[in-house]
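As provided, final_11.json (JSON, C-alpha atoms) reads as follows.
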[["chain", "number", "residue", "atom", "x", "y", "z"],
["A", 17, "MET", "CA", -45.99, -20.97, 19.36],
["A", 18, "LYS", "CA", -46.04, -22.63, 15.92],
["A", 19, "LYS", "CA", -47.07, -19.31, 14.33],
["A", 20, "THR", "CA", -44.13, -17.55, 16.00],
["A", 21, "ILE", "CA", -41.62, -20.16, 14.77],
["A", 22, "LEU", "CA", -43.17, -20.16, 11.29],
["A", 23, "LEU", "CA", -43.12, -16.34, 11.21],
["A", 24, "SER", "CA", -39.50, -16.32, 12.37],
["A", 25, "LEU", "CA", -38.50, -18.84, 9.71],
["A", 26, "SER", "CA", -40.37, -16.92, 7.00],
["A", 27, "LEU", "CA", -38.77, -13.66, 8.07],
["A", 28, "GLY", "CA", -35.34, -15.32, 8.13],
["A", 29, "VAL", "CA", -35.81, -16.70, 4.60],
["A", 30, "LEU", "CA", -36.98, -13.31, 3.30],
["A", 31, "LEU", "CA", -34.07, -11.47, 4.91],
["A", 32, "SER", "CA", -31.47, -13.94, 3.69],
["A", 33, "SER", "CA", -32.83, -13.88, 0.13],
["A", 34, "GLY", "CA", -32.78, -10.07, 0.25],
["A", 35, "PHE", "CA", -29.17, -10.24, 1.45],
["A", 36, "LEU", "CA", -28.23, -12.60, -1.38],
["A", 37, "ILE", "CA", -29.89, -10.35, -3.96],
["A", 38, "SER", "CA", -28.14, -7.24, -2.61],
["A", 39, "ASN", "CA", -24.79, -9.09, -2.67],
["A", 40, "ALA", "CA", -25.41, -10.14, -6.27],
["A", 41, "ILE", "CA", -26.17, -6.52, -7.21],
["A", 42, "ALA", "CA", -23.07, -5.24, -5.41],
["A", 43, "THR", "CA", -20.90, -7.87, -7.11],
["A", 44, "SER", "CA", -22.41, -6.92, -10.46],
["A", 45, "ASN", "CA", -21.61, -3.23, -9.88],
["A", 46, "ILE", "CA", -18.02, -4.01, -8.90],
["A", 47, "SER", "CA", -17.44, -6.14, -11.99],
["A", 48, "GLN", "CA", -18.83, -3.34, -14.15],
["A", 49, "GLU", "CA", -16.35, -0.84, -12.67],
["A", 50, "LYS", "CA", -13.29, -2.96, -13.61],
["A", 51, "SER", "CA", -13.56, -4.49, -17.05],
["A", 52, "GLU", "CA", -11.44, -5.48, -20.02],
["A", 53, "SER", "CA", -9.24, -2.80, -21.47],
["A", 54, "THR", "CA", -8.97, -1.82, -25.10],
["A", 55, "ILE", "CA", -5.19, -1.84, -24.56],
["A", 56, "SER", "CA", -3.38, -5.16, -24.97],
["A", 57, "LYS", "CA", -0.71, -6.46, -22.60],
["A", 58, "GLU", "CA", 1.82, -6.21, -25.44],
["A", 59, "GLN", "CA", 0.99, -2.54, -25.95],
["A", 60, "ALA", "CA", 1.26, -1.93, -22.20],
["A", 61, "PHE", "CA", 4.65, -3.68, -22.14],
["A", 62, "THR", "CA", 5.80, -1.36, -24.95],
["A", 63, "PHE", "CA", 4.60, 1.70, -22.99],
["A", 64, "PHE", "CA", 6.57, 0.62, -19.92],
["A", 65, "THR", "CA", 9.64, -0.16, -22.06],
["A", 66, "ASN", "CA", 9.54, 3.31, -23.65],
["A", 67, "ILE", "CA", 9.27, 4.98, -20.24],
["A", 68, "LEU", "CA", 12.10, 2.93, -18.75],
["A", 69, "GLU", "CA", 14.35, 3.49, -21.78],
["A", 70, "GLN", "CA", 13.89, 7.24, -21.26],
["A", 71, "GLN", "CA", 14.70, 6.82, -17.56],
["A", 72, "LYS", "CA", 17.82, 4.86, -18.50],
["A", 73, "ALA", "CA", 18.98, 7.57, -20.90],
["A", 74, "ASP", "CA", 18.32, 10.31, -18.34],
["A", 75, "PHE", "CA", 20.07, 8.50, -15.49],
["A", 76, "LEU", "CA", 23.10, 7.67, -17.65],
["A", 77, "ASN", "CA", 23.28, 11.34, -18.71],
["A", 78, "ASN", "CA", 23.10, 12.42, -15.03],
["A", 79, "THR", "CA", 19.83, 14.28, -15.72],
["A", 80, "PRO", "CA", 17.03, 12.19, -14.19],
["A", 81, "LEU", "CA", 14.47, 14.99, -14.37],
["A", 82, "ALA", "CA", 15.26, 16.21, -17.88],
["A", 83, "HIS", "CA", 12.32, 14.51, -19.61],
["A", 84, "THR", "CA", 9.69, 14.02, -16.91],
["A", 85, "ASN", "CA", 6.81, 13.76, -19.41],
["A", 86, "GLN", "CA", 8.44, 10.78, -21.14],
["A", 87, "SER", "CA", 10.20, 9.17, -18.17],
["A", 88, "ARG", "CA", 7.32, 9.73, -15.71],
["A", 89, "LEU", "CA", 9.91, 10.48, -13.01],
["A", 90, "SER", "CA", 9.40, 13.13, -10.39],
["A", 91, "SER", "CA", 11.58, 14.67, -7.72],
["A", 92, "ARG", "CA", 9.69, 12.50, -5.20],
["A", 93, "ASP", "CA", 10.48, 9.19, -6.92],
["A", 94, "GLU", "CA", 12.76, 6.99, -4.81],
["A", 95, "ALA", "CA", 14.82, 6.08, -7.89],
["A", 96, "VAL", "CA", 15.66, 9.76, -8.40],
["A", 97, "LEU", "CA", 16.51, 10.22, -4.72],
["A", 98, "ILE", "CA", 18.72, 7.10, -4.69],
["A", 99, "PHE", "CA", 20.50, 8.27, -7.82],
["A", 100, "LEU", "CA", 21.04, 11.84, -6.58],
["A", 101, "SER", "CA", 22.19, 10.80, -3.11],
["A", 102, "SER", "CA", 24.63, 8.29, -4.58],
["A", 103, "THR", "CA", 26.05, 10.61, -7.24],
["A", 104, "LYS", "CA", 25.98, 14.00, -5.50],
["A", 105, "VAL", "CA", 26.62, 13.11, -1.88],
["A", 106, "ASP", "CA", 28.52, 9.81, -2.08],
["A", 107, "LYS", "CA", 30.30, 10.96, -5.28],
["A", 108, "GLN", "CA", 29.65, 7.63, -7.01],
["A", 109, "GLN", "CA", 29.72, 7.41, -10.80],
["A", 110, "LEU", "CA", 26.79, 5.53, -12.37],
["A", 111, "HIS", "CA", 28.10, 2.77, -14.64],
["A", 112, "SER", "CA", 24.88, 1.11, -15.69],
["A", 113, "PHE", "CA", 21.14, 1.17, -15.23],
["A", 114, "SER", "CA", 18.94, -1.83, -15.98],
["A", 115, "TYR", "CA", 15.30, -2.70, -15.52],
["A", 116, "LYS", "CA", 12.94, -5.65, -15.63],
["A", 117, "ILE", "CA", 9.20, -5.50, -16.32],
["A", 118, "SER", "CA", 6.91, -8.23, -15.01],
["A", 119, "ASN", "CA", 3.28, -8.94, -14.11],
["A", 120, "VAL", "CA", 1.83, -6.63, -16.77],
["A", 121, "LYS", "CA", -1.91, -6.12, -16.36],
["A", 122, "VAL", "CA", -4.37, -4.04, -18.34],
["A", 123, "TYR", "CA", -7.87, -3.07, -17.33],
["A", 124, "SER", "CA", -10.53, -0.47, -17.82],
["A", 125, "GLU", "CA", -12.13, 1.27, -14.89],
["A", 126, "ASN", "CA", -14.82, 3.93, -15.14],
["A", 127, "GLN", "CA", -14.25, 4.04, -18.92],
["A", 128, "ARG", "CA", -10.51, 4.70, -18.53],
["A", 129, "ASN", "CA", -7.69, 2.39, -19.62],
["A", 130, "TYR", "CA", -4.93, 1.44, -17.19],
["A", 131, "ALA", "CA", -1.72, -0.50, -17.53],
["A", 132, "GLU", "CA", 0.00, -1.84, -14.42],
["A", 133, "ALA", "CA", 3.32, -3.64, -14.04],
["A", 134, "TYR", "CA", 5.88, -4.57, -11.43],
["A", 135, "VAL", "CA", 9.19, -2.95, -12.37],
["A", 136, "THR", "CA", 12.63, -3.48, -10.86],
["A", 137, "ARG", "CA", 15.30, -0.89, -11.57],
["A", 138, "THR", "CA", 18.96, -1.55, -10.77],
["A", 139, "PHE", "CA", 21.74, 1.03, -10.48],
["A", 140, "SER", "CA", 25.38, -0.11, -10.70],
["A", 141, "PHE", "CA", 27.93, 2.40, -9.46],
["A", 142, "GLY", "CA", 31.70, 2.60, -9.97],
["A", 143, "SER", "CA", 32.71, 1.29, -6.56],
["A", 144, "GLY", "CA", 30.88, -1.99, -7.19],
["A", 145, "LEU", "CA", 27.81, -0.77, -5.32],
["A", 146, "GLU", "CA", 24.59, -2.08, -6.83],
["A", 147, "THR", "CA", 21.23, -0.78, -5.67],
["A", 148, "GLY", "CA", 17.87, -2.11, -6.76],
["A", 149, "LEU", "CA", 14.37, -0.78, -6.40],
["A", 150, "GLY", "CA", 11.16, -2.67, -7.16],
["A", 151, "ASP", "CA", 7.75, -1.09, -7.36],
["A", 152, "THR", "CA", 4.39, -1.19, -9.08],
["A", 153, "LEU", "CA", 3.78, 1.39, -11.80],
["A", 154, "VAL", "CA", 0.26, 2.26, -12.96],
["A", 155, "LEU", "CA", -0.41, 4.31, -16.08],
["A", 156, "GLU", "CA", -3.68, 5.79, -17.20],
["A", 157, "ILE", "CA", -3.64, 5.63, -20.98],
["A", 158, "GLN", "CA", -5.96, 7.96, -22.87],
["A", 159, "SER", "CA", -5.93, 6.48, -26.32],
["A", 160, "SER", "CA", -8.15, 4.40, -28.50],
["A", 161, "PRO", "CA", -6.66, 1.24, -30.04],
["A", 162, "ASP", "CA", -6.43, 3.04, -33.43],
["A", 163, "ASP", "CA", -4.33, 5.83, -31.89],
["A", 164, "LEU", "CA", -1.88, 3.28, -30.51],
["A", 165, "LYS", "CA", -0.68, 2.15, -33.94],
["A", 166, "GLY", "CA", 1.34, 5.33, -34.36],
["A", 167, "PRO", "CA", 4.05, 6.72, -32.09],
["A", 168, "SER", "CA", 1.74, 9.09, -30.24],
["A", 169, "HIS", "CA", -0.20, 7.96, -27.22],
["A", 170, "THR", "CA", -1.16, 9.91, -24.15],
["A", 171, "PHE", "CA", -0.38, 9.03, -20.57],
["A", 172, "SER", "CA", -2.63, 11.25, -18.53],
["A", 173, "SER", "CA", -1.30, 10.18, -15.18],
["A", 174, "SER", "CA", 0.93, 7.67, -13.53],
["A", 175, "LYS", "CA", 1.54, 6.54, -10.03],
["A", 176, "SER", "CA", 4.23, 4.50, -8.45],
["A", 177, "THR", "CA", 4.61, 2.74, -5.15],
["A", 178, "SER", "CA", 8.13, 4.14, -4.96],
["A", 179, "GLU", "CA", 7.17, 7.79, -4.58],
["A", 180, "VAL", "CA", 8.02, 9.36, -1.26],
["A", 181, "ASN", "CA", 4.81, 10.68, 0.31],
["A", 182, "GLU", "CA", 6.48, 13.46, 2.25],
["A", 183, "LYS", "CA", 6.65, 16.90, 0.67],
["A", 184, "VAL", "CA", 10.43, 17.18, 1.01],
["A", 185, "SER", "CA", 12.35, 18.93, -1.72],
["A", 186, "VAL", "CA", 15.28, 17.22, -3.38],
["A", 187, "ASP", "CA", 17.67, 19.75, -1.80],
["A", 188, "GLU", "CA", 16.26, 19.08, 1.69],
["A", 189, "PHE", "CA", 16.53, 15.34, 1.13],
["A", 190, "LEU", "CA", 20.15, 15.63, 0.00],
["A", 191, "GLU", "CA", 21.03, 17.85, 2.99],
["A", 192, "LYS", "CA", 19.53, 15.32, 5.39],
["A", 193, "TYR", "CA", 21.22, 12.43, 3.59],
["A", 194, "GLU", "CA", 24.59, 14.19, 3.69],
["A", 195, "ALA", "CA", 24.19, 14.87, 7.41],
["A", 196, "GLU", "CA", 23.38, 11.20, 8.07],
["A", 197, "ALA", "CA", 26.25, 10.01, 5.87],
["A", 198, "ALA", "CA", 28.69, 12.27, 7.76],
["A", 199, "LYS", "CA", 27.84, 10.65, 11.13]]
For the file at hand, write its structure as structure tokens.
Amino acid sequence: MKKTILLSLSLGVLLSSGFLISNAIATSNISQEKSESTISKEQAFTFFTNILEQQKADFLNNTPLAHTNQSRLSSRDEAVLIFLSSTKVDKQQLHSFSYKISNVKVYSENQRNYAEAYVTRTFSFGSGLETGLGDTLVLEIQSSPDDLKGPSHTFSSSKSTSEVNEKVSVDEFLEKYEAEAAK
């Protein structure tokens, strides 16, 4: 009986120490995947500012998809769909576009640099209608710190929480919006 209890206790200690070691290894691997970035928060803030200034110019010129490489907008972005439905269907004139950048984070994952921020974009239309949209933007930045001193830096990809996941074209969206607005 004593041997069984002692064996059970020994086995329990061995298993729990093995569990602790495997957890330590897993934690170590996770921390290695996400590490410090070579991009500073100030540089990331500048990247987001440049992108949003391009969006502002494009929205105010009624051409939200004119400079998609610089603005990082797509036809699936909710900001584009809000703008197009308000201007084309509701016949509202855009008077101003503003934005706010907050919670800027930078990190490196799998040897790639990322910048992430929470961005709110606000559209003010002629009739007094004001519409806001807040979402998280993530940019993958393929540049070394030396490359960032000049005006050229590469954004290889971006993602936004405000993109519509459905594969609906802008024209289809506007048709559906117009049908709903007519009801």
**OP:** Would you work out the distance separating atom CA of A:Val122 from atom CA of A:Glu156, expressed in Å to one decimal?
**Re:**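 Pair atom CA of A:Val122 / atom CA of A:Glu156 returns 9.9 Å.
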**OP:** Compile the contact shell of stretch 142-150 of chain A as a PyMOL selection string: residues with an atom at most 12 Å away, counting only C-alpha atoms, same-chain residues fewer than 5 positions apart removed.
**Re:** chain A and resi 93-99+101-103+106-118+133-137+176-179
Subject >> Two-atom distance - atom CA of A:Leu89, atom CA of A:Ser56 (Å) >> reply: 23.8 Å
Taking every listed atom of stretch 47-66 of chain A and adding 5 Å to each side, what centre and edge lengths in Å (one decimal) does the axis-aligned box have, as AutoDock Vina command-line options?
--center_x -4.6 --center_y -1.6 --center_z -19.0 --size_x 38.5 --size_y 19.8 --size_z 24.0
Original post:
Quick one: distance from atom CA of A:Leu155 to atom CA of A:Glu132 in Å, one decimal?
Top reply: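 Taking atom CA of A:Leu155 as the start and atom CA of A:Glu132 as the end point, the length is 6.4 Å.
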Subject >> Residue among A:Gln71, A:Thr152, A:Ala198, A:Gln158 lying closest to A:Ser90, counting all atoms listed in the file >> reply: A:Gln71
Subject >> Counting only C-alpha atoms, the residue of A:Ile67, A:Leu100, A:Ile157, A:Ala73 that sits nearest A:Asp187 >> reply: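 Ranked by minimum distance to A:Asp187, first place goes to A:Leu100.
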Original post:
Leaving out A:Tyr123 and any residue of its chain fewer than 2 positions from it, which residues lie within 9 Å of it when counting all atoms listed in the file, given as an MDAnalysis selection string?
Top reply: chainID A and resid 50:55 121 125 128:132
Subject >> Selected residue of minimal separation from A:Thr138 among A:Thr79, A:Asp151, A:Val105, A:Val120, counting all atoms listed in the file >> reply: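 Closest to A:Thr138, using all atoms listed in the file: A:Asp151.
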Subject >> Top pick for closest residue to A:Ser87, considering A:Lys192, A:Leu153, A:Lys57, A:Asn119 and counting all atoms listed in the file >> reply: A:Leu153
